[in-house]
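Take a look at the structure set out below.
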Amino acid sequence: MMQLEGAPSAKAAIVRRLAPSHAAVGRFGLILVMALMMAILTILQPAYFLTRENLTNIARQISSNAILALGEFAVIVTAGIDLSVGSVMGLSMIVLALAVHAEWAAGLAALAALLAGLGVGLINGLALTRLHLPHPFIATLATLNIARGATYLLSGGVPISGLPRAVRLWGAEDITLFGGTSFPIDFPISFLIVIALYLAVWVFLTKTRTGRHVYAIGGSPKAAQYAGINIPRNLTLVYALSGGLAGVAGVLLAGRVNSGYPTAGTGAELDAIAAVIIGGASFFGGRGTAGGVFIGAVIMGLLRNGLNLMNVSVFWQQVLLGFIILLAVYLDVLRRRAMRLEG
Amino acid sequence: MPALVEMRQIAKTFGPVVALNGVDFTVHSDEVVGLVGDNGAGKSTLMKILTGVHQPDAGEVWLAGTRVRFHSPLESRRNGIEMVYQDLGLAENLNAIANIFLGREVTHRTGGLRLLSEGEMERQGRGHLNGLQISLPSVFLPVERLSGGQRQSVAIARATAFRAQLVIMDEPAASLAVTEATKVLALIKRLREQGVSVVLISHRLQDVFDVSDRIVVLNRGSKVGDLRRQDTTMEDVVGLIVGKSA
Ligand SMILES: Nc1ncnc2c1ncn2[C@@H]1O[C@H](COP(=O)(O)OP(=O)(O)O)[C@@H](O)[C@H]1O
Ligand SMILES: [Mg+2]
């Protein structure tokens, strides 16, 4: 080590260019898997898979899982877990439906749904950092039950159907992009929101101080503490973000299915976690990218769509999803091992 | 002139363990103090109280004549006290530059957002690494992919990057080969020439005698020796460390 580093050598320049390669290789592998799935589905369903109708359908279907996964990802970067996101999404849907049925303006109702999510997320964060519960598993397992119970109580256990168009359009309608040009595209509004949120969280996690601190906390809580990073504040923020995003996911899902129903989002936290893991984030924290998680969510959506098109039963779909999770994480293990040998 | 750092009657227990039992500890300006003692004597704990990682159960910390209470390392760092922790305290998933600037990132405003100034941090960080004659395969590798010596030098670079008045090094050479350890000692001497005080915790008495102006010995949470280097011998210090009367 400590030799004088002269002018940056050619070798150093090469190393520098190759430095982020293992992350890039991981992402490239994911993109490859995604492209492969699309190719296979195109071959198996040439008449249908690549139609605009099917693609926008997939985009709409994966929207809520993609947003839940995004919040879950931020939490997993801190080496935490948020089990409550599925229940929070259900709560958000019921709050939205009740609010519009109480004649609230659509925007206000959506805001209430979002705040409900944010509120539960905040409770998760405070329970973890102020009550010093031993692991986020505990706090979010508690709010999983509390939010679901509240959802049943508020709805009386029955679906609340019929939402005004101003609410539905977020989850169900398309917007025409490039309308003035010769290539107008009808794009699902919900998927546009997904993209915007992914971009925002990506900027937050990689371009801001707080994002850098979130990664540091996940990578080494001790190093974060020594650096004077306010760990409780950052953790609370991340859990609130996860809850808030689950609130958004609820608004989109309610719009898509035109109702709030009390069982909505049951088990959705596991799909969100699956997308995060397939997307290359580590359960030990400090690793992963928003882009990877996005692809993880798309891969899950393609899998569901493809298997549905081929009339594979949902039971088999679940078995397959399990294998995909195993495969994705095992590939990551192999990649890490190769990296260590080379490094 | 008041001492740079004066710790008075510091006491600290962890549950049933008495880590420190009324310790006085002083560092003057331009001084290198060797802090020695057996494993578990309380060296790391004493220094973590100084940096605000731990709060003392009793006792006072004075900095240049002012009573201070550091509730977090951020506060001690703002007051010019830096520490290279025994476990290095690096975020393994972040690269060398990110680690050097962790908690003190340089930012700028773009369109209403406060964003990290990666280019500026890289420029300053490289300059600082060069100044310390530290070379790394790449400043963009996560530090978990660096060798023990390289990680050690990143930790040292991090502690010296912000004009510290006092740099505390907790076993900085423990994981290093002899040539690398020699370079750490040369660095300590260079810091002192630049007017930075250093506390060196080390098991290698040779090293401690090589660079220290004064040597403080802890034994099971109590200070048992505070000696100017020229007034003592290695045998004396060993005797104090193992607990025989010197
Ligand atoms: N965070 C902690 N929690 C509990 N006990 C601790 C902690 N830190 C240190 N100790 C105990 O305090 C005593 C002094 O430890 P330490 O300051 O690390 O000694 P040294 O650095 O001199 O080897 C030891 O008995 C150690 O086990
Ligand atoms: Mg120690």
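Going through the structure tokens in order, the chains are called A, B, and so on, while each chain numbers its residues from 1 and the ligands are numbered from 1 in the order shown.
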Return as a tab-separated table the residues of chain B lying at most 10 Å from ligand 2, together with the closest atom-to-atom pair for each and the distance in Å to one decimal, counting only C-alpha atoms and all ligand atoms, with rows in chain order and ascending residue number.
```
residue	atom	partner	partner_atom_place_in_ligand_line	distance
B:Val36	CA	ligand 2	1 (Mg)	9.7
B:Gly37	CA	ligand 2	1 (Mg)	9.3
B:Asp38	CA	ligand 2	1 (Mg)	9.1
B:Asn39	CA	ligand 2	1 (Mg)	6.8
B:Gly40	CA	ligand 2	1 (Mg)	6.8
B:Ala41	CA	ligand 2	1 (Mg)	8.1
B:Gly42	CA	ligand 2	1 (Mg)	7.0
B:Lys43	CA	ligand 2	1 (Mg)	5.7
B:Ser44	CA	ligand 2	1 (Mg)	4.2
B:Thr45	CA	ligand 2	1 (Mg)	7.2
B:Leu46	CA	ligand 2	1 (Mg)	9.4
B:Met47	CA	ligand 2	1 (Mg)	9.2
B:Lys48	CA	ligand 2	1 (Mg)	9.8
B:Tyr85	CA	ligand 2	1 (Mg)	8.6
B:Gln86	CA	ligand 2	1 (Mg)	6.4
B:Asp87	CA	ligand 2	1 (Mg)	9.1
B:Asp170	CA	ligand 2	1 (Mg)	6.7
B:Glu171	CA	ligand 2	1 (Mg)	7.4
B:Ile201	CA	ligand 2	1 (Mg)	7.9
B:Ser202	CA	ligand 2	1 (Mg)	8.9
B:His203	CA	ligand 2	1 (Mg)	9.9
```
Spatial neighbours of Gly117 in chain A, 10 Å, only C-alpha atoms, chain gap at least 2 places, as a ChimeraX atom specification: /A:84-85,87-93,95,111-115,119-123,147,240-250
Please write the residues from the selection above to a file, keeping N, CA, C and O atoms, as a short mmCIF file (atom, residue, chain, number, x, y, z; two decimals), in the first residue's frame.
```
data_model
loop_
_atom_site.label_atom_id
_atom_site.label_comp_id
_atom_site.auth_asym_id
_atom_site.auth_seq_id
_atom_site.Cartn_x
_atom_site.Cartn_y
_atom_site.Cartn_z
N SER A 84 -45.21 -5.26 6.72
CA SER A 84 -46.56 -4.67 6.79
C SER A 84 -47.05 -4.12 5.45
O SER A 84 -48.20 -3.73 5.34
N VAL A 85 -46.20 -4.09 4.40
CA VAL A 85 -46.58 -3.34 3.21
C VAL A 85 -47.86 -3.84 2.55
O VAL A 85 -48.65 -3.05 2.02
N SER A 87 -50.51 -5.28 4.02
CA SER A 87 -51.64 -4.81 4.83
C SER A 87 -51.84 -3.31 4.66
O SER A 87 -52.96 -2.83 4.62
N VAL A 88 -50.72 -2.58 4.60
CA VAL A 88 -50.82 -1.13 4.46
C VAL A 88 -51.46 -0.78 3.12
O VAL A 88 -52.28 0.14 3.03
N MET A 89 -51.12 -1.54 2.09
CA MET A 89 -51.75 -1.30 0.79
C MET A 89 -53.26 -1.53 0.90
O MET A 89 -54.06 -0.73 0.39
N GLY A 90 -53.66 -2.61 1.59
CA GLY A 90 -55.09 -2.88 1.78
C GLY A 90 -55.76 -1.75 2.54
O GLY A 90 -56.84 -1.27 2.16
N LEU A 91 -55.11 -1.28 3.60
CA LEU A 91 -55.66 -0.18 4.40
C LEU A 91 -55.83 1.07 3.54
O LEU A 91 -56.87 1.75 3.59
N SER A 92 -54.82 1.35 2.75
CA SER A 92 -54.86 2.53 1.89
C SER A 92 -56.04 2.46 0.92
O SER A 92 -56.75 3.45 0.69
N MET A 93 -56.29 1.27 0.38
CA MET A 93 -57.41 1.11 -0.56
C MET A 93 -58.75 1.40 0.11
O MET A 93 -59.62 2.06 -0.45
N VAL A 95 -59.28 3.13 2.90
CA VAL A 95 -59.36 4.55 3.26
C VAL A 95 -59.79 5.36 2.04
O VAL A 95 -60.66 6.24 2.12
N LEU A 111 -54.92 11.54 -1.10
CA LEU A 111 -53.98 12.05 -0.11
C LEU A 111 -54.17 11.35 1.24
O LEU A 111 -53.20 10.97 1.91
N ALA A 112 -55.46 11.15 1.61
CA ALA A 112 -55.75 10.46 2.87
C ALA A 112 -55.19 9.05 2.85
O ALA A 112 -54.61 8.57 3.83
N ALA A 113 -55.36 8.36 1.70
CA ALA A 113 -54.86 6.99 1.57
C ALA A 113 -53.34 6.97 1.71
O ALA A 113 -52.76 6.10 2.38
N LEU A 114 -52.71 7.94 1.07
CA LEU A 114 -51.24 8.03 1.13
C LEU A 114 -50.76 8.30 2.55
O LEU A 114 -49.80 7.70 3.04
N LEU A 115 -51.49 9.21 3.23
CA LEU A 115 -51.10 9.54 4.60
C LEU A 115 -51.31 8.36 5.54
O LEU A 115 -50.53 8.17 6.48
N GLY A 119 -48.39 7.03 7.71
CA GLY A 119 -48.57 6.95 9.15
C GLY A 119 -48.13 5.60 9.70
O GLY A 119 -47.40 5.53 10.69
N VAL A 120 -48.59 4.52 9.05
CA VAL A 120 -48.20 3.19 9.53
C VAL A 120 -46.68 3.02 9.40
O VAL A 120 -46.02 2.48 10.29
N GLY A 121 -46.12 3.52 8.30
CA GLY A 121 -44.68 3.42 8.11
C GLY A 121 -43.93 4.16 9.21
O GLY A 121 -42.93 3.67 9.74
N LEU A 122 -44.44 5.31 9.57
CA LEU A 122 -43.84 6.11 10.64
C LEU A 122 -43.89 5.34 11.95
O LEU A 122 -42.92 5.33 12.73
N ILE A 123 -45.04 4.71 12.20
CA ILE A 123 -45.17 3.91 13.42
C ILE A 123 -44.13 2.78 13.42
O ILE A 123 -43.47 2.52 14.43
N ALA A 147 -52.86 -3.17 10.84
CA ALA A 147 -53.41 -2.53 9.65
C ALA A 147 -54.47 -3.40 9.00
O ALA A 147 -55.51 -2.91 8.54
N ALA A 240 -40.95 5.06 6.98
CA ALA A 240 -42.04 5.95 6.57
C ALA A 240 -42.17 5.95 5.05
O ALA A 240 -43.28 5.92 4.50
N LEU A 241 -41.03 5.98 4.37
CA LEU A 241 -41.04 5.93 2.90
C LEU A 241 -41.72 4.65 2.42
O LEU A 241 -42.57 4.68 1.52
N SER A 242 -41.36 3.53 3.02
CA SER A 242 -41.94 2.26 2.62
C SER A 242 -43.46 2.27 2.82
O SER A 242 -44.22 1.85 1.95
N GLY A 243 -43.90 2.79 3.98
CA GLY A 243 -45.34 2.88 4.23
C GLY A 243 -46.02 3.81 3.23
O GLY A 243 -47.09 3.49 2.70
N GLY A 244 -45.40 4.95 2.97
CA GLY A 244 -45.98 5.91 2.04
C GLY A 244 -46.11 5.32 0.64
O GLY A 244 -47.14 5.49 -0.03
N LEU A 245 -45.08 4.57 0.22
CA LEU A 245 -45.15 3.95 -1.11
C LEU A 245 -46.24 2.88 -1.13
O LEU A 245 -46.94 2.72 -2.15
N ALA A 246 -46.40 2.15 -0.03
CA ALA A 246 -47.49 1.16 0.03
C ALA A 246 -48.84 1.88 -0.10
O ALA A 246 -49.78 1.35 -0.70
N GLY A 247 -48.91 3.10 0.46
CA GLY A 247 -50.13 3.90 0.30
C GLY A 247 -50.39 4.22 -1.16
O GLY A 247 -51.51 4.09 -1.66
N VAL A 248 -49.34 4.62 -1.87
CA VAL A 248 -49.48 4.91 -3.31
C VAL A 248 -49.92 3.66 -4.06
O VAL A 248 -50.82 3.69 -4.91
N ALA A 249 -49.26 2.52 -3.73
CA ALA A 249 -49.61 1.26 -4.39
C ALA A 249 -51.09 0.95 -4.20
O ALA A 249 -51.77 0.47 -5.12
N GLY A 250 -51.61 1.26 -3.00
CA GLY A 250 -53.04 1.02 -2.73
C GLY A 250 -53.93 1.86 -3.62
O GLY A 250 -54.94 1.38 -4.14
#
```
8 Å contacts from chain B to chain A using only C-alpha atoms, as a count of residues only: 35
Atomic distance CA of Gly80 in chain B - CA of Leu113 in chain B, expressed in Å with one decimal: 29.2 Å
Computed interatomic separation between CA of Gly149 in chain A and CA of Thr263 in chain A (Å):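 Straight-line distance from CA of Gly149 in chain A to CA of Thr263 in chain A works out to 10.2 Å.
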Neighbour list for Val32 in chain B as a VMD selection string, cut-off 12 Å, only C-alpha atoms, skip fewer than 6 positions in-chain: chain B and resid 4 26 165 to 169 185 187 to 193 195 to 201 207 to 216 228 to 229
Residue set, range 39-288 of chain A restricted to alpha helix (DSSP H), as a PyMOL selection string: chain A and resi 39-44+52-77+85-101+106-129+136-155+165-172+189-207+209-219+221-226+231-257+268-278
Proximity to Ser29 in chain B - best of B:Val143, B:Ala164, B:Ile100, B:Val106, only C-alpha atoms: B:Ala164
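Of the residues in range 27-84 of chain B, those given strand (DSSP E) by DSSP on the backbone are Val27, Val32, Val33, Gly34, Leu35, Val36, Ala58, Gly59, Glu60, Val61, Trp62, Leu63, Thr66, Arg67, Val68, Ile81, Glu82, Met83 and Val84 of chain B.
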For range 36-46 of chain A: contacts at 10 Å, only C-alpha atoms, fewer than 6 positions along chain excluded, given as a ChimeraX atom specification: /A:30,299,302-303,305-307,309-310
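Using only C-alpha atoms for every distance, the candidate list B:Asn219, B:Thr51, B:Thr182, B:Thr160 yields B:Asn219 as the residue closest to Val242 in chain B.
A straight line drawn from CA of Leu252 in chain A to CA of Val238 in chain A is 21.2 Å long.
Of the residues listed (B:Val237, B:Ser117, B:Pro2, B:Ser222), B:Ser222 shows the shortest atom-to-atom separation from ligand 1; distances use only C-alpha atoms and all ligand atoms.
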Nearest candidate to ligand 1 (options B:His54, B:Arg8, B:Arg77, B:Arg104; using only C-alpha atoms and all ligand atoms): B:His54
Closest of B:His128, B:Arg69, B:Lys12, B:Arg109 to ligand 1 - atom-to-atom distances counting only C-alpha atoms and all ligand atoms: B:Lys12
